[in-house]
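Accompanying notes for the structure given below.
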Amino acid sequence: MNANIPPRAALLLDFISKGEVGTTGPEGYDIIVFNKQTKLPKPLTQYTIDELLSAQKTWAKNWGGSAAGRYQIIRKTLMGLIEALGIPGSTLFSPDLQDRLGYALLTQRGWQAFTSGQVT
């Protein structure tokens, strides 16, 4: 887990990972929609963002979904995150990046307000 992610958020991300890909282990970072990762030419964590976005178009057409990685981030969500965070297309979809993206999604959905008690 990325060291910059608060411990409580890391626990929640582990919980989300368990629900999304069935594991909190490192293999979860390479899982894609409907467990089709064995059909990929290389592990998902070796894809650049540009490669992944291109591949996700094909997955959606062929398999009916584009979910990728430990948090099963769909193409539309990934596009919004990389734009908002200014992530270059040449960046690898590494475990570290996936954790950062997962935490960014928590943040967008009110993580700070929840942890400060402003919302239940």
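All residue names refer to the structure tokens as shown: chains lettered A, B, ... in order, residues numbered from 1 in each chain, ligands numbered from 1 in order.
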Where in chain A does DSSP assign strand (DSSP E or B), given as a list in words?
-> Ile32, Thr48, Ala68, Ile73 and Leu92 of chain A
Include all heavy atoms and write out the residues we just selected as a CSV table (one decimal), in the first residue's frame.
```csv
chain,number,residue,atom,x,y,z
A,32,ILE,N,-8.5,-8.1,-14.1
A,32,ILE,CA,-9.4,-7.3,-14.9
A,32,ILE,C,-10.8,-7.9,-14.9
A,32,ILE,O,-11.1,-8.9,-14.3
A,32,ILE,CB,-8.9,-7.1,-16.3
A,32,ILE,CG1,-8.9,-8.4,-17.1
A,32,ILE,CG2,-7.5,-6.4,-16.3
A,32,ILE,CD1,-8.7,-8.2,-18.6
A,48,THR,N,0.8,1.0,-19.5
A,48,THR,CA,0.8,2.4,-19.2
A,48,THR,C,-0.7,2.8,-19.2
A,48,THR,O,-1.6,2.1,-19.6
A,48,THR,CB,1.5,3.3,-20.3
A,48,THR,OG1,0.8,3.1,-21.5
A,48,THR,CG2,2.9,2.8,-20.5
A,68,ALA,N,-10.7,-2.5,-14.1
A,68,ALA,CA,-9.3,-2.9,-14.1
A,68,ALA,C,-8.7,-2.7,-12.7
A,68,ALA,O,-8.9,-1.7,-12.1
A,68,ALA,CB,-8.5,-2.1,-15.1
A,73,ILE,N,-11.4,-0.2,-11.5
A,73,ILE,CA,-11.7,1.1,-12.0
A,73,ILE,C,-12.1,1.0,-13.4
A,73,ILE,O,-11.4,0.5,-14.2
A,73,ILE,CB,-10.5,2.0,-11.8
A,73,ILE,CG1,-10.2,2.1,-10.3
A,73,ILE,CG2,-10.8,3.4,-12.4
A,73,ILE,CD1,-8.9,2.9,-10.0
A,92,LEU,N,2.9,4.1,-15.6
A,92,LEU,CA,2.5,2.7,-15.4
A,92,LEU,C,1.3,2.6,-14.4
A,92,LEU,O,1.2,3.3,-13.4
A,92,LEU,CB,3.6,1.8,-14.9
A,92,LEU,CG,4.7,1.5,-15.9
A,92,LEU,CD1,5.8,0.6,-15.2
A,92,LEU,CD2,4.2,0.7,-17.1
```
Who sits within 7 Å of segment 11-23 of chain A, only C-alpha atoms, same chain under 6 positions skipped, as JSON, numbers by chain | {"A": [31, 70, 71, 72, 102]}
Create the file for the chosen residues now, containing all heavy atoms and written as a CSV table (one decimal), in the first residue's frame.
```
chain,number,residue,atom,x,y,z
A,31,ILE,N,-5.8,-8.0,-11.8
A,31,ILE,CA,-7.1,-8.5,-12.2
A,31,ILE,C,-7.9,-7.5,-13.0
A,31,ILE,O,-8.0,-6.3,-12.7
A,31,ILE,CB,-7.9,-9.0,-10.9
A,31,ILE,CG1,-7.2,-10.1,-10.2
A,31,ILE,CG2,-9.3,-9.4,-11.3
A,31,ILE,CD1,-7.8,-10.6,-8.9
A,70,ARG,N,-6.9,-3.5,-8.8
A,70,ARG,CA,-7.4,-3.9,-7.4
A,70,ARG,C,-8.7,-3.3,-7.0
A,70,ARG,O,-9.5,-3.9,-6.2
A,70,ARG,CB,-6.3,-3.4,-6.4
A,70,ARG,CG,-6.5,-3.9,-5.0
A,70,ARG,CD,-5.3,-3.5,-4.2
A,70,ARG,NE,-5.2,-4.3,-3.0
A,70,ARG,CZ,-5.3,-3.8,-1.7
A,70,ARG,NH1,-5.3,-2.5,-1.6
A,70,ARG,NH2,-5.2,-4.6,-0.7
A,71,TYR,N,-9.0,-2.1,-7.6
A,71,TYR,CA,-10.3,-1.5,-7.2
A,71,TYR,C,-11.3,-1.5,-8.4
A,71,TYR,O,-12.3,-0.8,-8.3
A,71,TYR,CB,-10.0,0.0,-6.7
A,71,TYR,CG,-8.9,0.0,-5.7
A,71,TYR,CD1,-7.6,0.4,-6.0
A,71,TYR,CD2,-9.2,-0.6,-4.4
A,71,TYR,CE1,-6.6,0.3,-5.0
A,71,TYR,CE2,-8.2,-0.6,-3.5
A,71,TYR,CZ,-6.9,-0.2,-3.8
A,71,TYR,OH,-5.9,-0.3,-2.8
A,72,GLN,N,-11.0,-2.3,-9.4
A,72,GLN,CA,-11.9,-2.4,-10.6
A,72,GLN,C,-12.4,-1.1,-11.1
A,72,GLN,O,-13.6,-0.8,-11.2
A,72,GLN,CB,-13.0,-3.4,-10.2
A,72,GLN,CG,-12.6,-4.8,-10.0
A,72,GLN,CD,-12.0,-5.5,-11.2
A,72,GLN,OE1,-12.8,-5.9,-12.0
A,72,GLN,NE2,-10.7,-5.4,-11.4
A,102,GLY,N,-7.3,4.8,-5.9
A,102,GLY,CA,-8.3,4.3,-4.9
A,102,GLY,C,-8.5,5.3,-3.8
A,102,GLY,O,-9.7,5.7,-3.5
```
Looking only at the backbone, which of the residues in segment 39-117 of chain A does DSSP tag as alpha helix (DSSP H), as a PyMOL selection string?
-> chain A and resi 49-63+75-85+95-108+111-115
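Of the residues under consideration (A:Ser54, A:Asn35, A:Gln112, A:Ser66), A:Gln112 shows the shortest atom-to-atom contact distance to Ala9 of chain A when counting only C-alpha atoms.
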